[in-house]
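**Student:** Hey, dropping model_13.cif in here, mmCIF, C-alpha atoms:
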data_upload
#
loop_
_atom_site.label_atom_id
_atom_site.label_comp_id
_atom_site.auth_asym_id
_atom_site.auth_seq_id
_atom_site.Cartn_x
_atom_site.Cartn_y
_atom_site.Cartn_z
CA MET A 1 47.41 33.87 8.95
CA LYS A 2 45.03 33.21 6.05
CA LYS A 3 45.94 29.52 6.08
CA SER A 4 45.29 29.32 9.80
CA ARG A 5 41.94 31.09 9.40
CA HIS A 6 40.97 28.69 6.57
CA MET A 7 41.89 25.65 8.67
CA ALA A 8 39.85 27.01 11.56
CA ILE A 9 36.80 27.47 9.31
CA VAL A 10 37.16 23.91 7.99
CA PHE A 11 37.54 22.56 11.53
CA PHE A 12 34.47 24.32 12.90
CA THR A 13 32.42 23.42 9.81
CA LEU A 14 33.24 19.74 10.28
CA LEU A 15 32.53 20.05 13.99
CA PHE A 16 29.13 21.60 13.23
CA LEU A 17 28.25 18.86 10.75
CA CYS A 18 29.22 16.15 13.23
CA THR A 19 27.33 17.79 16.07
CA PHE A 20 24.25 18.65 13.99
CA PRO A 21 23.82 15.99 11.29
CA ALA A 22 21.63 16.68 8.27
CA ARG A 23 17.95 16.38 9.13
CA ALA A 24 16.23 13.24 7.94
CA LEU A 25 13.30 13.63 5.54
CA GLU A 26 9.89 13.52 7.19
CA VAL A 27 7.68 11.14 5.19
CA PHE A 28 3.91 10.93 5.67
CA ALA A 29 2.58 7.61 4.32
CA CYS A 30 -1.16 7.14 3.99
CA GLU A 31 -1.06 3.32 4.09
CA PRO A 32 1.34 0.79 5.69
CA GLU A 33 2.58 -0.56 2.34
CA TRP A 34 3.85 2.84 1.27
CA GLY A 35 5.38 3.49 4.67
CA ALA A 36 7.25 0.18 4.40
CA LEU A 37 8.45 1.05 0.90
CA ALA A 38 9.65 4.50 2.00
CA ARG A 39 11.63 2.94 4.86
CA ALA A 40 13.21 0.41 2.51
CA LEU A 41 14.25 3.09 0.01
CA GLY A 42 15.18 5.81 2.48
CA GLY A 43 16.89 3.98 5.33
CA GLU A 44 18.23 6.22 8.06
CA GLN A 45 17.68 9.32 5.92
CA VAL A 46 13.90 9.19 6.41
CA ASN A 47 11.53 9.35 9.35
CA VAL A 48 8.33 7.63 8.26
CA TYR A 49 4.94 8.22 9.84
CA THR A 50 2.14 5.91 8.68
CA ALA A 51 -1.38 7.30 9.00
CA THR A 52 -3.17 3.93 9.09
CA SER A 53 -2.55 0.37 10.24
CA ASN A 54 -3.36 -2.96 8.63
CA ARG A 55 -6.23 -3.27 11.09
CA GLN A 56 -7.99 -0.26 9.56
CA ASP A 57 -10.00 0.08 6.37
CA PRO A 58 -8.11 2.83 4.48
CA HIS A 59 -11.35 4.01 2.86
CA TYR A 60 -12.71 5.28 6.18
CA ILE A 61 -10.15 7.52 7.88
CA GLN A 62 -10.72 10.96 9.39
CA ALA A 63 -8.38 13.94 9.11
CA ARG A 64 -7.93 14.13 12.88
CA PRO A 65 -5.64 16.72 14.54
CA GLY A 66 -2.78 14.26 15.02
CA LEU A 67 -2.66 13.51 11.30
CA ILE A 68 -2.79 17.20 10.44
CA ALA A 69 0.19 17.91 12.70
CA LYS A 70 2.23 15.15 11.06
CA ALA A 71 1.29 16.34 7.56
CA ARG A 72 2.29 19.89 8.49
CA ARG A 73 5.88 18.76 9.10
CA ALA A 74 6.19 16.36 6.14
CA ASP A 75 8.68 16.77 3.32
CA LEU A 76 7.09 13.98 1.30
CA LEU A 77 3.60 12.50 1.22
CA VAL A 78 3.23 8.97 -0.20
CA CYS A 79 -0.29 7.64 -0.78
CA ALA A 80 -2.08 5.16 -3.02
CA GLY A 81 -4.25 7.66 -4.90
CA ALA A 82 -6.97 6.67 -7.38
CA GLY A 83 -9.59 7.87 -4.91
CA LEU A 84 -8.62 5.59 -2.01
CA GLU A 85 -8.07 8.58 0.30
CA ALA A 86 -10.78 10.73 -1.31
CA GLY A 87 -12.70 11.15 1.93
CA TRP A 88 -9.85 12.55 4.01
CA LEU A 89 -6.69 13.45 2.09
CA SER A 90 -7.93 16.65 0.48
CA PRO A 91 -9.03 18.28 3.78
CA LEU A 92 -5.84 17.01 5.41
CA LEU A 93 -3.70 18.75 2.80
CA GLN A 94 -5.70 21.94 3.11
CA MET A 95 -5.58 22.06 6.91
CA SER A 96 -1.88 21.18 7.03
CA GLY A 97 -0.92 24.38 5.21
CA ASN A 98 2.21 22.57 4.01
CA ALA A 99 3.11 23.79 0.52
CA LYS A 100 5.67 21.01 -0.01
CA ILE A 101 3.12 18.18 -0.14
CA GLN A 102 0.34 19.81 -2.13
CA VAL A 103 -0.86 18.38 -5.45
CA GLY A 104 1.64 19.08 -8.22
CA GLN A 105 4.62 19.48 -5.89
CA PRO A 106 7.58 17.04 -5.74
CA GLY A 107 6.54 16.17 -2.20
CA HIS A 108 3.16 14.82 -3.37
CA PHE A 109 3.54 11.21 -4.54
CA LEU A 110 0.61 8.97 -5.52
CA ALA A 111 1.61 5.39 -6.29
CA THR A 112 -1.22 4.73 -8.73
CA ASP A 113 0.05 7.50 -11.02
CA PHE A 114 2.86 5.21 -12.17
CA VAL A 115 1.14 1.94 -13.09
CA THR A 116 -1.72 0.69 -15.24
CA LEU A 117 -4.85 0.23 -13.12
CA LEU A 118 -7.34 -2.61 -13.24
CA GLY A 119 -11.07 -2.38 -12.60
CA LYS A 120 -11.82 0.88 -14.40
CA LEU A 121 -15.51 1.64 -14.88
CA ALA A 122 -16.81 3.27 -18.04
CA MET A 123 -20.12 4.52 -16.60
CA PRO A 124 -20.04 4.48 -12.76
CA ASN A 125 -23.15 5.31 -10.74
CA GLN A 126 -24.18 5.43 -7.07
CA SER A 127 -25.97 2.08 -7.23
CA GLN A 128 -22.57 0.39 -7.59
CA GLY A 129 -21.60 1.37 -4.05
CA ASN A 130 -18.14 2.42 -2.84
CA ILE A 131 -16.29 2.10 -6.13
CA HIS A 132 -13.16 3.57 -7.72
CA ALA A 133 -14.17 4.67 -11.20
CA THR A 134 -10.61 5.43 -12.34
CA GLY A 135 -9.39 1.99 -11.32
CA ASN A 136 -8.74 -0.12 -8.24
CA PRO A 137 -6.11 1.57 -6.03
CA HIS A 138 -4.79 -1.53 -4.20
CA ILE A 139 -1.83 -2.05 -6.52
CA HIS A 140 0.53 -3.15 -3.73
CA LEU A 141 -1.01 -6.64 -3.95
CA ASP A 142 0.78 -7.12 -7.28
CA PRO A 143 4.54 -7.40 -6.65
CA VAL A 144 5.34 -6.41 -10.25
CA ARG A 145 3.39 -3.16 -10.00
CA LEU A 146 4.91 -2.47 -6.59
CA GLN A 147 8.34 -2.80 -8.17
CA GLN A 148 7.39 -0.15 -10.73
CA VAL A 149 6.33 2.20 -7.93
CA ALA A 150 9.58 1.52 -6.05
CA ARG A 151 11.58 2.73 -9.03
CA LYS A 152 9.63 6.00 -9.18
CA LEU A 153 9.66 6.59 -5.42
CA GLY A 154 13.42 6.08 -5.31
CA GLU A 155 13.80 8.70 -8.03
CA ARG A 156 11.53 11.09 -6.14
CA LEU A 157 13.60 10.80 -2.96
CA GLN A 158 16.68 11.75 -4.97
CA ILE A 159 14.90 14.82 -6.34
CA ILE A 160 13.68 16.00 -2.94
CA ASP A 161 16.97 15.34 -1.15
CA PRO A 162 19.75 15.62 -3.76
CA ALA A 163 22.45 15.86 -1.09
CA HIS A 164 21.88 12.16 -0.35
CA ARG A 165 21.28 11.01 -3.92
CA ALA A 166 23.99 8.34 -3.73
CA HIS A 167 22.45 6.93 -0.55
CA TYR A 168 18.98 6.63 -2.09
CA ARG A 169 20.34 5.22 -5.34
CA ALA A 170 22.22 2.50 -3.45
CA LEU A 171 19.19 1.51 -1.38
CA GLN A 172 16.97 1.53 -4.45
CA GLY A 173 19.35 -0.79 -6.29
CA LYS A 174 19.52 -3.12 -3.30
CA PHE A 175 15.73 -3.23 -2.96
CA MET A 176 15.08 -3.73 -6.68
CA TRP A 177 17.58 -6.58 -6.95
CA ALA A 178 16.21 -8.38 -3.87
CA TRP A 179 12.57 -7.78 -4.88
CA ARG A 180 13.10 -9.17 -8.40
CA ASP A 181 14.62 -12.28 -6.87
CA LYS A 182 11.64 -12.69 -4.52
CA ILE A 183 9.18 -12.24 -7.40
CA ARG A 184 10.78 -15.20 -9.17
CA GLN A 185 10.40 -17.30 -6.02
CA TRP A 186 6.81 -16.18 -5.45
CA GLU A 187 5.84 -16.89 -9.05
CA LYS A 188 6.99 -20.49 -8.62
CA LYS A 189 4.94 -20.81 -5.42
CA ALA A 190 1.88 -19.15 -6.95
CA LYS A 191 1.68 -21.76 -9.71
CA ARG A 192 -0.17 -23.91 -7.18
CA LEU A 193 -2.93 -21.28 -7.16
CA GLN A 194 -3.38 -20.91 -10.90
CA GLY A 195 -6.90 -21.66 -12.05
CA LYS A 196 -8.27 -22.13 -8.54
CA SER A 197 -11.51 -20.36 -7.65
CA ILE A 198 -11.90 -18.30 -4.52
CA VAL A 199 -14.63 -16.23 -2.94
CA VAL A 200 -13.49 -12.71 -2.07
CA TYR A 201 -15.15 -10.31 0.33
CA ASN A 202 -14.96 -7.45 -2.20
CA PRO A 203 -13.01 -6.48 -5.36
CA ASN A 204 -9.97 -5.28 -3.38
CA TRP A 205 -8.05 -8.47 -4.23
CA ILE A 206 -8.13 -7.99 -8.01
CA TYR A 207 -4.37 -7.38 -8.34
CA LEU A 208 -3.38 -10.42 -6.29
CA ARG A 209 -5.81 -12.62 -8.23
CA THR A 210 -4.57 -11.34 -11.57
CA TRP A 211 -0.89 -11.73 -10.69
CA ALA A 212 -1.34 -15.26 -9.30
CA GLY A 213 -3.76 -16.42 -12.00
CA ILE A 214 -6.54 -17.08 -9.49
CA ALA A 215 -10.11 -17.26 -10.79
CA ARG A 216 -12.84 -15.54 -8.78
CA ALA A 217 -15.85 -17.66 -7.94
CA ASP A 218 -17.96 -14.90 -6.44
CA THR A 219 -18.07 -11.92 -4.08
CA LEU A 220 -19.43 -11.86 -0.54
CA ALA A 221 -20.31 -8.16 -0.73
CA PRO A 222 -21.61 -7.57 -4.29
CA ILE A 223 -21.90 -3.81 -3.67
CA PRO A 224 -18.62 -2.44 -2.25
CA GLY A 225 -19.06 -0.69 1.08
CA ILE A 226 -22.46 -2.28 1.76
CA PRO A 227 -22.70 -5.47 3.89
CA PRO A 228 -24.20 -8.49 2.12
CA THR A 229 -27.87 -9.32 2.76
CA SER A 230 -29.07 -12.68 4.05
CA THR A 231 -30.86 -13.18 0.72
CA HIS A 232 -27.62 -12.73 -1.20
CA LEU A 233 -25.79 -15.14 1.11
CA GLY A 234 -28.54 -17.71 0.65
CA HIS A 235 -28.31 -17.53 -3.15
CA LEU A 236 -24.51 -17.55 -2.95
CA SER A 237 -24.46 -20.65 -0.74
CA ALA A 238 -26.75 -22.56 -3.11
CA ARG A 239 -24.69 -21.61 -6.14
CA LEU A 240 -21.29 -22.37 -4.61
CA GLN A 241 -22.30 -25.82 -3.40
CA LYS A 242 -22.33 -26.82 -7.07
CA ASP A 243 -18.89 -25.32 -7.77
CA THR A 244 -15.35 -26.26 -6.78
CA VAL A 245 -14.14 -23.44 -4.55
CA TYR A 246 -10.65 -23.42 -3.06
CA ARG A 247 -11.00 -20.81 -0.34
CA ILE A 248 -12.91 -17.81 1.02
CA ILE A 249 -10.67 -14.82 1.76
CA TYR A 250 -11.22 -11.55 3.58
CA ALA A 251 -9.00 -8.79 4.97
CA SER A 252 -8.03 -8.90 8.64
CA TYR A 253 -9.68 -5.50 9.17
CA GLN A 254 -13.04 -6.92 8.06
CA LYS A 255 -15.45 -8.70 10.38
CA PRO A 256 -15.09 -12.47 9.96
CA SER A 257 -18.73 -13.36 10.71
CA VAL A 258 -20.00 -13.33 7.10
CA ALA A 259 -17.07 -15.30 5.71
CA GLU A 260 -17.27 -17.83 8.54
CA LEU A 261 -21.02 -18.26 8.05
CA LEU A 262 -20.55 -19.04 4.37
CA SER A 263 -17.64 -21.32 5.25
CA ARG A 264 -19.85 -23.41 7.52
CA ARG A 265 -22.62 -23.59 4.93
CA ILE A 266 -20.52 -24.82 2.02
CA GLY A 267 -17.65 -26.53 3.86
CA ILE A 268 -14.87 -24.37 2.43
CA PRO A 269 -12.15 -22.78 4.64
CA ALA A 270 -12.31 -19.03 5.28
CA THR A 271 -8.91 -17.35 5.54
CA SER A 272 -8.11 -13.93 6.98
CA LEU A 273 -5.26 -12.15 5.20
CA ASP A 274 -3.40 -9.04 6.30
CA PHE A 275 -4.14 -6.56 3.52
CA SER A 276 -1.01 -4.54 4.35
CA PRO A 277 2.23 -5.00 6.30
CA GLY A 278 2.18 -4.81 10.08
CA ALA A 279 3.99 -2.13 12.06
CA ASP A 280 7.68 -2.10 11.06
CA GLU A 281 7.17 -5.24 8.94
CA SER A 282 9.02 -5.32 5.63
CA LEU A 283 7.15 -5.68 2.37
CA THR A 284 9.03 -8.91 1.66
CA ASP A 285 8.07 -10.52 4.97
CA TRP A 286 4.46 -9.42 4.61
CA PHE A 287 3.95 -10.70 1.06
CA GLU A 288 5.72 -13.96 1.87
CA ARG A 289 3.38 -14.45 4.82
CA LEU A 290 0.30 -13.55 2.78
CA LEU A 291 1.18 -15.97 -0.01
CA ASN A 292 1.94 -18.80 2.41
CA ARG A 293 -1.47 -18.40 4.04
CA LEU A 294 -3.12 -18.71 0.65
CA LEU A 295 -1.33 -21.94 -0.28
#
Re-express the file's structure as structure tokens.
**Tutor:**
Amino acid sequence: MKKSRHMAIVFFTLLFLCTFPARALEVFACEPEWGALARALGGEQVNVYTATSNRQDPHYIQARPGLIAKARRADLLVCAGAGLEAGWLSPLLQMSGNAKIQVGQPGHFLATDFVTLLGKLAMPNQSQGNIHATGNPHIHLDPVRLQQVARKLGERLQIIDPAHRAHYRALQGKFMWAWRDKIRQWEKKAKRLQGKSIVVYNPNWIYLRTWAGIARADTLAPIPGIPPTSTHLGHLSARLQKDTVYRIIYASYQKPSVAELLSRRIGIPATSLDFSPGADESLTDWFERLLNRLL
């Protein structure tokens, strides 16, 4: 009788597990790059919602009701940090009422906490515009730094969902191996860019430039967050006509008019680059595409 009862319990337990599989983790990603990384490391065990697209400037997002509802259900929040979401993440966390993703909890993950940042300012002031005093947050443009974040995010998934630790560990190993191989390929390609000078729209490209060994000729918008004046563009045009400039680059979410105007004046191509992956695009495909457009 006891054996029959035990077998019945086992049978119905297995039936329950098959009928109602374990719930996937709900991941709230602030930017597309972190959504793509969470999908790569979580696979079918995560449902990823990305708050922004690569056609949006991540500095200027509002904590609208739809975002609050998604944050309320999240098990894990993955954002850049370093002040990138300063204008909207704090109220979003407060209005979500979700204890799991608050600061200091395992479900609160900021990518910039795990790498060394570039562009730190010793004495920032308001005249410098929309700056990040603690360092530039756009670390995903350096594949080596992104690899460091991937290691930490994989570990965090295992902490939050220990029942599927083996699953996350396997996906992390697969991603890290493939990403290291791609870095070697990209480094060979990027040698063609070493020492070249480019004009950037703003300082957001500092990690890509540093990784690829690109020199910066000048900046279209000298004060971040403030459009360049005609006077500045005039001075810039005169100065750059005397220099050897490879390319003008700007993010696809930025208006092309200023870059195209300068391009016509000095006869240098202006190139739009996707600052982040597209919807459902892998990090590998995105970075490959970005690098190829630069070459």
**Student:** Once the PyMOL selection byres ((chain A and resi 249) around 10) is applied to the coordinates I shared, what remains selected? I want it as a PyMOL selection string.
**Tutor:** chain A and resi 198-202+205+219-220+246-248+250-252+256+259-260+269-273+294
**Student:** Counting all atoms listed in the file, which of A:His140, A:Arg55, A:Arg184, A:Lys174 gets nearest to A:Gly154?
**Tutor:**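 Between A:His140, A:Arg55, A:Arg184, A:Lys174, the residue approaching A:Gly154 most closely is A:Lys174.
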**Student:** May I have the residues within 12 Å of A:Phe275 as a ChimeraX atom specification, using only C-alpha atoms and disregarding those fewer than 5 positions away in the same chain?
**Tutor:** /A:31-33,52-58,138-142,204-205,207-208,249-254,283,286-287,289-291
**Student:** Using all atoms listed in the file, which of A:Leu92, A:Ala166, A:Val149, A:Ala111 sits nearest A:Ile68?
**Tutor:**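 The shortest atom-to-atom distance to A:Ile68 comes from A:Leu92.
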**Student:** Would you work out the distance separating atom CA of A:Ile206 from atom CA of A:Leu41, expressed in Å to one decimal?
**Tutor:**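 Computing it gives 26.2 Å between the two atoms.
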**Student:** Got a sec: who's within 7 Å of A:Cys30, counting only C-alpha atoms, leaving out chain neighbours fewer than 2 positions off, as a ChimeraX atom specification?
**Tutor:** /A:28,50-52,78-79
**Student:** Using only C-alpha atoms, which residue out of A:Tyr60, A:Asn136, A:Gly43, A:Leu153 lies closest to A:Leu77?
**Tutor:**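 Selected residue with least distance to A:Leu77: A:Leu153.
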**Student:** Go ahead and compute the interatomic distance for atom CA of A:Ala40 and atom CA of A:Pro137, in Å to one decimal.
**Tutor:**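 So the two atoms, atom CA of A:Ala40 and atom CA of A:Pro137, lie 21.2 Å apart.
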**Student:** Run the PyMOL selection byres ((chain A and resi 114) around 8) on the file and write out the hits as a list in words.
**Tutor:**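 So the PyMOL selection byres ((chain A and resi 114) around 8) ends up selecting Leu110, Ala111, Thr112, Asp113, Val115, Thr116, Gln148, Val149 and Lys152 of chain A.
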**Student:** Report as a list in words the residues that result from applying the PyMOL selection byres ((chain A and resi 239) around 12) to the structure here.
**Tutor:**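 Answer for the PyMOL selection byres ((chain A and resi 239) around 12): Val199, Ala217, Asp218, Thr219, His232, Leu233, Gly234, His235, Leu236, Ser237, Ala238, Leu240, Gln241, Lys242, Asp243, Thr244, Val245, Leu262, Arg265 and Ile266 of chain A.
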**Student:** Leaving out A:Ala38 and any residue of its chain fewer than 6 positions from it, which residues lie within 8 Å of it when counting only C-alpha atoms, given as a PDB file with C-alpha atoms, in the coordinates of the input?
**Tutor:**
ATOM      1  CA  VAL A  27       7.680  11.140   5.190  1.00  0.00           C
ATOM      2  CA  VAL A  46      13.900   9.190   6.410  1.00  0.00           C
ATOM      3  CA  VAL A  48       8.330   7.630   8.260  1.00  0.00           C
ATOM      4  CA  LEU A 153       9.660   6.590  -5.420  1.00  0.00           C
TER       5      LEU A 153
END
**Student:** Take stretch 197-221 of chain A, model N, CA and C atoms, and hand the result over as an mmCIF file, keeping the file's coordinate frame.
**Tutor:**
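As written to disk, out.cif reads:
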data_model
loop_
_atom_site.group_PDB
_atom_site.id
_atom_site.type_symbol
_atom_site.label_atom_id
_atom_site.label_comp_id
_atom_site.auth_asym_id
_atom_site.auth_seq_id
_atom_site.Cartn_x
_atom_site.Cartn_y
_atom_site.Cartn_z
ATOM 1 N N SER A 197 -10.448 -21.350 -7.871
ATOM 2 C CA SER A 197 -11.510 -20.360 -7.650
ATOM 3 C C SER A 197 -11.586 -20.015 -6.175
ATOM 4 N N ILE A 198 -11.735 -18.751 -5.895
ATOM 5 C CA ILE A 198 -11.900 -18.300 -4.520
ATOM 6 C C ILE A 198 -13.098 -17.370 -4.431
ATOM 7 N N VAL A 199 -13.597 -17.222 -3.219
ATOM 8 C CA VAL A 199 -14.630 -16.230 -2.940
ATOM 9 C C VAL A 199 -13.946 -15.089 -2.201
ATOM 10 N N VAL A 200 -14.098 -13.877 -2.702
ATOM 11 C CA VAL A 200 -13.490 -12.710 -2.070
ATOM 12 C C VAL A 200 -14.573 -11.880 -1.384
ATOM 13 N N TYR A 201 -14.167 -11.152 -0.362
ATOM 14 C CA TYR A 201 -15.150 -10.310 0.330
ATOM 15 C C TYR A 201 -15.605 -9.172 -0.579
ATOM 16 N N ASN A 202 -14.661 -8.547 -1.265
ATOM 17 C CA ASN A 202 -14.960 -7.450 -2.200
ATOM 18 C C ASN A 202 -13.877 -7.401 -3.273
ATOM 19 N N PRO A 203 -13.968 -6.481 -4.232
ATOM 20 C CA PRO A 203 -13.010 -6.480 -5.360
ATOM 21 C C PRO A 203 -11.586 -6.053 -5.009
ATOM 22 N N ASN A 204 -11.292 -5.783 -3.743
ATOM 23 C CA ASN A 204 -9.970 -5.280 -3.380
ATOM 24 C C ASN A 204 -8.816 -6.204 -3.767
ATOM 25 N N TRP A 205 -9.107 -7.483 -3.977
ATOM 26 C CA TRP A 205 -8.050 -8.470 -4.230
ATOM 27 C C TRP A 205 -7.757 -8.653 -5.715
ATOM 28 N N ILE A 206 -8.241 -7.791 -6.562
ATOM 29 C CA ILE A 206 -8.130 -7.990 -8.010
ATOM 30 C C ILE A 206 -6.677 -8.101 -8.489
ATOM 31 N N TYR A 207 -5.762 -7.335 -7.887
ATOM 32 C CA TYR A 207 -4.370 -7.380 -8.340
ATOM 33 C C TYR A 207 -3.685 -8.680 -7.926
ATOM 34 N N LEU A 208 -3.958 -9.151 -6.731
ATOM 35 C CA LEU A 208 -3.380 -10.420 -6.290
ATOM 36 C C LEU A 208 -3.914 -11.567 -7.144
ATOM 37 N N ARG A 209 -5.213 -11.554 -7.409
ATOM 38 C CA ARG A 209 -5.810 -12.620 -8.230
ATOM 39 C C ARG A 209 -5.235 -12.623 -9.640
ATOM 40 N N THR A 210 -5.090 -11.442 -10.204
ATOM 41 C CA THR A 210 -4.570 -11.340 -11.570
ATOM 42 C C THR A 210 -3.124 -11.798 -11.642
ATOM 43 N N TRP A 211 -2.308 -11.345 -10.703
ATOM 44 C CA TRP A 211 -0.890 -11.730 -10.690
ATOM 45 C C TRP A 211 -0.723 -13.235 -10.512
ATOM 46 N N ALA A 212 -1.496 -13.836 -9.609
ATOM 47 C CA ALA A 212 -1.340 -15.260 -9.300
ATOM 48 C C ALA A 212 -2.130 -16.172 -10.233
ATOM 49 N N GLY A 213 -2.957 -15.603 -11.099
ATOM 50 C CA GLY A 213 -3.760 -16.420 -12.000
ATOM 51 C C GLY A 213 -4.917 -17.119 -11.319
ATOM 52 N N ILE A 214 -5.412 -16.517 -10.234
ATOM 53 C CA ILE A 214 -6.540 -17.080 -9.490
ATOM 54 C C ILE A 214 -7.841 -16.662 -10.157
ATOM 55 N N ALA A 215 -8.771 -17.590 -10.274
ATOM 56 C CA ALA A 215 -10.110 -17.260 -10.790
ATOM 57 C C ALA A 215 -10.985 -16.836 -9.612
ATOM 58 N N ARG A 216 -11.912 -15.946 -9.843
ATOM 59 C CA ARG A 216 -12.840 -15.540 -8.780
ATOM 60 C C ARG A 216 -14.151 -16.279 -8.946
ATOM 61 N N ALA A 217 -14.571 -16.958 -7.885
ATOM 62 C CA ALA A 217 -15.850 -17.660 -7.940
ATOM 63 C C ALA A 217 -17.001 -16.690 -7.740
ATOM 64 N N ASP A 218 -16.887 -15.859 -6.724
ATOM 65 C CA ASP A 218 -17.960 -14.900 -6.440
ATOM 66 C C ASP A 218 -17.503 -13.918 -5.375
ATOM 67 N N THR A 219 -18.383 -12.977 -5.039
ATOM 68 C CA THR A 219 -18.070 -11.920 -4.080
ATOM 69 C C THR A 219 -19.069 -11.934 -2.939
ATOM 70 N N LEU A 220 -18.550 -11.875 -1.713
ATOM 71 C CA LEU A 220 -19.430 -11.860 -0.540
ATOM 72 C C LEU A 220 -20.260 -10.586 -0.492
ATOM 73 N N ALA A 221 -19.612 -9.453 -0.746
ATOM 74 C CA ALA A 221 -20.310 -8.160 -0.730
ATOM 75 C C ALA A 221 -20.406 -7.659 -2.164
#
